[in-house]
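Some notes on the structure that comes next.
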Number of protein chains: 2
Amino acid sequence: MWRSDNSAGLRVLLVTRISGLEQDLRSRQLPGIELVRTKIDEDTAQVIDQAEVVVADPALVAPHLHRAANLKWLQSTYAGVNSLFQDSSRRDYQLTRIKGVFGPLMAEYVLAHILARERHLLQLARQQQARQWKRTTYRQLSELTLGILGVGDIGSTVARAVVALGMTVWGLRTRSESIPGIKRVFAPAQLSEFLVGPDYLVNVLPSTPDTRGLLSGATLNRCRPSAIFINIGRGDIIDEASLVRAMDKSWISGAVLDVFPDEPLPEDSPLWSISGVTITPHVAALSLPGPIAEVFLANLVRYQAGEPLLHQVLWERGY
Amino acid sequence: MWRSDNSAGLRVLLVTRISGLEQDLRSRQLPGIELVRTKIDEDTAQVIDQAEVVVADPALVAPHLHRAANLKWLQSTYAGVNSLFQDSSRRDYQLTRIKGVFGPLMAEYVLAHILARERHLLQLARQQQARQWKRTTYRQLSELTLGILGVGDIGSTVARAVVALGMTVWGLRTRSESIPGIKRVFAPAQLSEFLVGPDYLVNVLPSTPDTRGLLSGATLNRCRPSAIFINIGRGDIIDEASLVRAMDKSWISGAVLDVFPDEPLPEDSPLWSISGVTITPHVAALSLPGPIAEVFLANLVRYQAGEPLLHQVLWERGY
């Protein structure tokens, strides 16, 4: 149980909307820790000045960061921490993020949508409603190439999953060394060579000044006309008008979009109703409480022992 | 090119509805072979008596088998050859089937339908039509167990694919030795112990006297109420009334059915409209021409050299 022991107590402030995370943390045996769950906003503003350690959803804590006079370590509950860069210029604390947790979920999302399209699942559901027995041929995964924009922790996990099922993988990444299982690795400057190959293109890049708008304008004109763009990274890699235009001009044949510059996706967005576009409400990798608690607790042991923390965000890199 | 050379000619009769198979075979360099493609039924009846080697869809050739006085070898274009057992008692020829080709396609089908259900793809498609942004949580594949009825060539390939994505696999098979990656292997006599565990249950068993009706009656009553039954083996493992009853009594929560005792599934079947039941028109693993041609040609080389053929059906075993 968490103890409220003022002599040995390390106060940990929890600012989150992830259901079950508080219960999960409280159910673990952690002596010398006082866990304080804040009600969003009012409470956070009042108690954050005393907090040395904060576990928080980035967007929820960002507006209060300037008041956190004693902050030494902030454990993000998400992989993406860009709101902490946008809403605050503070760099005088250790920021750690979630890593190693979302990759398998992202891989499942990518496979779900590739297989649903290849196997015509929506069409078959309509045929079933009409009691219609009608076959459509399809491609084997071994015929298909997936291009991954951003082959880090998550991208590598997506790559391993689809390679295990016979797909070919191309990757685009800053560091150009080869990666086992990935057939071709491209540097960012080779973007236009990279885009010509894949049948499916998945973005898992974080949002940084280098990635924002990377696919905007006429960039997708380089893709195969049959290509499908899957976005599970950040919504700002392409602006909405550019994406609508790419579909309109048949530069690509479809898109599966889980992230958007503005979320929830506004009801008047044209994306909702473009044929070939699938919209999902930022669910590719939900923050499930168990794995997040485990990342935090592994870091807490290190923090108390004065050891380097896992998954530290490098301010100059932006993730 | 195929030659019509009477001195060295080996006549190969092709009886198939698989589009592209004839073209694929004719495009390969094979001296000393005369390929005869029959129009179904009339032609087959007239020329089959001269044929030594036949490449055929089992159901198409079965009615003509009694006329094939010179038949030495029949290469089935399918994995399942039960129609040759049902419609003919002939056992005086070598029967070979397709193997190693359908496993990856079956694995893709199983994954497509598991992921579509776990990730609520049909519900999300309806929400998109209504421009509705609404999240539903889901399970990770690593939390789920797949039970495979029949861990042969195809079942093992399905197992490898889902294990690579973190699922746990239980298997039911005649031979009880353990299989790498499969957590528990059950003998047929342990069926009722096997059924209690899996979240998804997939049948890939061939149709034999031992498997027909194996899941009929109240057998599925042993399953978890949340279990989903996927049938990509043969439709006669459970009769329709038993399956309708299992859904009605909530012994299982859903079914994904690709094979049926009677195909196409009759328009008046109650299965079409049961909530939780997915019907697909026997498409889990379509017979794509390239891989079938390759199996036949590997066997043709062996046949001409007098060597044992690959993937021979054992009459006493039934597959």
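For the structure tokens, the naming scheme is as follows: chains receive sequential letters (A, B, ...) according to their order of presentation, residues are indexed from 1 within each chain, and ligands are indexed from 1 in presentation order.
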message = I need the strand (DSSP E) residues of stretch 50-225 of chain B per DSSP on the backbone, written as a ChimeraX atom specification.
response = /B:53-56,73-76,94-96,145-149,168-172,184-186,200-203
query = chain A residues within 7 Å of chain B, counting only C-alpha atoms: which ones, as a list in words?
reply = Leu105, Ala112, Leu115, Ala116, Leu124, Gln128, Arg131, Trp133, Lys134, Arg135, Gln140, Ala161, Ala164, Leu165, Pro264, Glu267, Trp272, Ile279, Thr280, Pro281 and Val283 of chain A
query = What residues in stretch 216-262 of chain A get the DSSP label alpha helix (DSSP H)? Please answer as a list in words.
reply = Glu240, Ala241, Ser242, Leu243, Val244, Arg245, Ala246, Met247 and Asp248 of chain A
Could those selected residues go to a file with N, CA and C atoms, as an mmCIF file, in the first residue's frame?
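File produced: again-v5.cif:
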data_model
loop_
_atom_site.group_PDB
_atom_site.id
_atom_site.type_symbol
_atom_site.label_atom_id
_atom_site.label_comp_id
_atom_site.auth_asym_id
_atom_site.auth_seq_id
_atom_site.Cartn_x
_atom_site.Cartn_y
_atom_site.Cartn_z
ATOM 1 N N GLU A 240 -4.761 18.921 -43.648
ATOM 2 C CA GLU A 240 -5.979 18.301 -44.168
ATOM 3 C C GLU A 240 -6.196 18.592 -45.658
ATOM 4 N N ALA A 241 -5.938 19.838 -46.060
ATOM 5 C CA ALA A 241 -6.174 20.204 -47.464
ATOM 6 C C ALA A 241 -5.286 19.377 -48.397
ATOM 7 N N SER A 242 -4.041 19.149 -47.988
ATOM 8 C CA SER A 242 -3.126 18.352 -48.821
ATOM 9 C C SER A 242 -3.613 16.915 -48.938
ATOM 10 N N LEU A 243 -4.128 16.380 -47.844
ATOM 11 C CA LEU A 243 -4.606 14.996 -47.865
ATOM 12 C C LEU A 243 -5.863 14.861 -48.729
ATOM 13 N N VAL A 244 -6.767 15.804 -48.581
ATOM 14 C CA VAL A 244 -7.988 15.799 -49.405
ATOM 15 C C VAL A 244 -7.607 15.882 -50.882
ATOM 16 N N ARG A 245 -6.623 16.719 -51.185
ATOM 17 C CA ARG A 245 -6.186 16.880 -52.571
ATOM 18 C C ARG A 245 -5.547 15.590 -53.095
ATOM 19 N N ALA A 246 -4.730 14.936 -52.265
ATOM 20 C CA ALA A 246 -4.072 13.686 -52.683
ATOM 21 C C ALA A 246 -5.105 12.617 -53.029
ATOM 22 N N MET A 247 -6.202 12.573 -52.277
ATOM 23 C CA MET A 247 -7.275 11.619 -52.577
ATOM 24 C C MET A 247 -8.024 12.038 -53.838
ATOM 25 N N ASP A 248 -8.300 13.324 -53.917
ATOM 26 C CA ASP A 248 -9.046 13.868 -55.044
ATOM 27 C C ASP A 248 -8.304 13.646 -56.364
#
ask   = What's the 10 Å shell around A:Val204, counting only C-alpha atoms, without same-chain residues fewer than 4 positions away, as a PyMOL selection string?
value = chain A and resi 103+106+148-155+158+230-234+237
Suppose we keep all heavy atoms; can you now write the selection as an mmCIF file, in the first residue's frame?
data_model
loop_
_atom_site.group_PDB
_atom_site.id
_atom_site.type_symbol
_atom_site.label_atom_id
_atom_site.label_comp_id
_atom_site.auth_asym_id
_atom_site.auth_seq_id
_atom_site.Cartn_x
_atom_site.Cartn_y
_atom_site.Cartn_z
ATOM 1 N N GLY A 103 4.038 -0.204 -29.131
ATOM 2 C CA GLY A 103 4.421 -0.872 -30.378
ATOM 3 C C GLY A 103 3.515 -2.035 -30.755
ATOM 4 O O GLY A 103 2.985 -2.072 -31.881
ATOM 5 N N MET A 106 0.125 -0.752 -31.809
ATOM 6 C CA MET A 106 0.203 -0.096 -33.119
ATOM 7 C C MET A 106 0.286 -1.139 -34.228
ATOM 8 O O MET A 106 -0.360 -1.015 -35.277
ATOM 9 C CB MET A 106 1.453 0.792 -33.187
ATOM 10 C CG MET A 106 1.448 1.968 -32.227
ATOM 11 S SD MET A 106 0.326 3.289 -32.783
ATOM 12 C CE MET A 106 0.879 4.654 -31.741
ATOM 13 N N ILE A 148 7.485 2.311 -43.710
ATOM 14 C CA ILE A 148 7.300 2.859 -42.366
ATOM 15 C C ILE A 148 8.079 4.170 -42.239
ATOM 16 O O ILE A 148 9.303 4.187 -42.369
ATOM 17 C CB ILE A 148 7.763 1.864 -41.285
ATOM 18 C CG1 ILE A 148 7.038 0.515 -41.454
ATOM 19 C CG2 ILE A 148 7.527 2.433 -39.888
ATOM 20 C CD1 ILE A 148 7.422 -0.529 -40.413
ATOM 21 N N LEU A 149 7.347 5.248 -42.010
ATOM 22 C CA LEU A 149 7.961 6.558 -41.781
ATOM 23 C C LEU A 149 8.288 6.658 -40.292
ATOM 24 O O LEU A 149 7.395 6.892 -39.476
ATOM 25 C CB LEU A 149 6.971 7.663 -42.154
ATOM 26 C CG LEU A 149 6.746 7.932 -43.636
ATOM 27 C CD1 LEU A 149 5.359 8.522 -43.868
ATOM 28 C CD2 LEU A 149 7.804 8.898 -44.163
ATOM 29 N N GLY A 150 9.554 6.464 -39.944
ATOM 30 C CA GLY A 150 9.938 6.525 -38.543
ATOM 31 C C GLY A 150 10.136 5.142 -37.960
ATOM 32 O O GLY A 150 9.214 4.549 -37.423
ATOM 33 N N VAL A 151 11.358 4.617 -38.083
ATOM 34 C CA VAL A 151 11.598 3.252 -37.608
ATOM 35 C C VAL A 151 12.338 3.308 -36.278
ATOM 36 O O VAL A 151 13.510 2.961 -36.179
ATOM 37 C CB VAL A 151 12.385 2.426 -38.646
ATOM 38 C CG1 VAL A 151 12.316 0.950 -38.277
ATOM 39 C CG2 VAL A 151 11.828 2.631 -40.035
ATOM 40 N N GLY A 152 11.649 3.801 -35.246
ATOM 41 C CA GLY A 152 12.205 3.770 -33.894
ATOM 42 C C GLY A 152 11.643 2.567 -33.166
ATOM 43 O O GLY A 152 11.455 1.502 -33.746
ATOM 44 N N ASP A 153 11.363 2.777 -31.883
ATOM 45 C CA ASP A 153 10.815 1.724 -31.032
ATOM 46 C C ASP A 153 9.518 1.160 -31.623
ATOM 47 O O ASP A 153 9.393 -0.045 -31.890
ATOM 48 C CB ASP A 153 10.580 2.360 -29.645
ATOM 49 C CG ASP A 153 9.786 1.485 -28.707
ATOM 50 O OD1 ASP A 153 10.049 0.271 -28.678
ATOM 51 O OD2 ASP A 153 8.915 2.021 -28.001
ATOM 52 N N ILE A 154 8.554 2.044 -31.884
ATOM 53 C CA ILE A 154 7.244 1.597 -32.378
ATOM 54 C C ILE A 154 7.342 1.072 -33.804
ATOM 55 O O ILE A 154 6.838 -0.003 -34.127
ATOM 56 C CB ILE A 154 6.217 2.746 -32.263
ATOM 57 C CG1 ILE A 154 5.861 2.952 -30.781
ATOM 58 C CG2 ILE A 154 4.974 2.461 -33.094
ATOM 59 C CD1 ILE A 154 4.992 4.161 -30.505
ATOM 60 N N GLY A 155 8.020 1.833 -34.665
ATOM 61 C CA GLY A 155 8.142 1.418 -36.062
ATOM 62 C C GLY A 155 8.811 0.055 -36.209
ATOM 63 O O GLY A 155 8.404 -0.760 -37.040
ATOM 64 N N VAL A 158 6.273 -2.623 -35.342
ATOM 65 C CA VAL A 158 5.344 -2.807 -36.469
ATOM 66 C C VAL A 158 6.045 -3.622 -37.564
ATOM 67 O O VAL A 158 5.468 -4.574 -38.116
ATOM 68 C CB VAL A 158 4.868 -1.448 -37.025
ATOM 69 C CG1 VAL A 158 4.054 -1.640 -38.306
ATOM 70 C CG2 VAL A 158 4.055 -0.689 -35.975
ATOM 71 N N ILE A 230 -1.518 5.208 -43.934
ATOM 72 C CA ILE A 230 -2.016 4.962 -42.571
ATOM 73 C C ILE A 230 -1.306 5.926 -41.634
ATOM 74 O O ILE A 230 -0.076 5.949 -41.591
ATOM 75 C CB ILE A 230 -1.735 3.511 -42.124
ATOM 76 C CG1 ILE A 230 -2.355 2.501 -43.103
ATOM 77 C CG2 ILE A 230 -2.236 3.275 -40.703
ATOM 78 C CD1 ILE A 230 -2.014 1.044 -42.792
ATOM 79 N N ASN A 231 -2.070 6.735 -40.891
ATOM 80 C CA ASN A 231 -1.416 7.664 -39.963
ATOM 81 C C ASN A 231 -1.750 7.328 -38.519
ATOM 82 O O ASN A 231 -2.878 7.473 -38.065
ATOM 83 C CB ASN A 231 -1.811 9.118 -40.270
ATOM 84 C CG ASN A 231 -0.863 10.099 -39.577
ATOM 85 O OD1 ASN A 231 0.099 9.680 -38.910
ATOM 86 N ND2 ASN A 231 -1.113 11.387 -39.740
ATOM 87 N N ILE A 232 -0.717 6.841 -37.805
ATOM 88 C CA ILE A 232 -0.853 6.567 -36.373
ATOM 89 C C ILE A 232 0.224 7.317 -35.588
ATOM 90 O O ILE A 232 0.442 7.046 -34.412
ATOM 91 C CB ILE A 232 -0.759 5.049 -36.066
ATOM 92 C CG1 ILE A 232 0.518 4.453 -36.671
ATOM 93 C CG2 ILE A 232 -1.993 4.331 -36.590
ATOM 94 C CD1 ILE A 232 0.731 2.983 -36.307
ATOM 95 N N GLY A 233 0.926 8.247 -36.284
ATOM 96 C CA GLY A 233 1.968 9.031 -35.610
ATOM 97 C C GLY A 233 1.353 10.275 -35.009
ATOM 98 O O GLY A 233 0.721 10.227 -33.953
ATOM 99 N N ARG A 234 1.507 11.370 -35.708
ATOM 100 C CA ARG A 234 0.875 12.607 -35.282
ATOM 101 C C ARG A 234 0.173 13.211 -36.490
ATOM 102 O O ARG A 234 0.617 13.034 -37.623
ATOM 103 C CB ARG A 234 1.917 13.590 -34.716
ATOM 104 C CG ARG A 234 2.336 13.277 -33.285
ATOM 105 C CD ARG A 234 1.195 13.532 -32.299
ATOM 106 N NE ARG A 234 1.513 13.189 -30.921
ATOM 107 C CZ ARG A 234 1.155 12.056 -30.321
ATOM 108 N NH1 ARG A 234 0.501 11.124 -30.993
ATOM 109 N NH2 ARG A 234 1.441 11.847 -29.054
ATOM 110 N N ILE A 237 1.653 15.684 -39.650
ATOM 111 C CA ILE A 237 2.610 15.339 -40.704
ATOM 112 C C ILE A 237 2.069 15.758 -42.075
ATOM 113 O O ILE A 237 2.825 15.913 -43.040
ATOM 114 C CB ILE A 237 2.961 13.834 -40.708
ATOM 115 C CG1 ILE A 237 4.216 13.604 -41.564
ATOM 116 C CG2 ILE A 237 1.792 12.986 -41.204
ATOM 117 C CD1 ILE A 237 4.895 12.308 -41.335
#
message = Nearest residue to A:Gly197 out of A:Ile238, A:Leu172, A:Val55, A:Leu146, using only C-alpha atoms?
response =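 Among the listed residues, A:Leu146 lies closest to A:Gly197.
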inquiry  = Please report the interatomic distance between atom CA of B:Lys72 and atom CA of B:Val295 in Å with one decimal.
reply    =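 About the pair atom CA of B:Lys72 and atom CA of B:Val295: they are 17.4 Å apart.
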request  = Mind giving me the straight-line distance from atom CA of A:Arg90 to atom CA of A:Leu65 in Å, one decimal?
outcome  =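 So the answer is 7.8 Å.
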ask   = Excluding same-chain residues fewer than 6 positions from stretch 177-179 of chain A, what lies within 9 Å of it counting only C-alpha atoms, as a PyMOL selection string?
value = chain A and resi 151+156+171+185
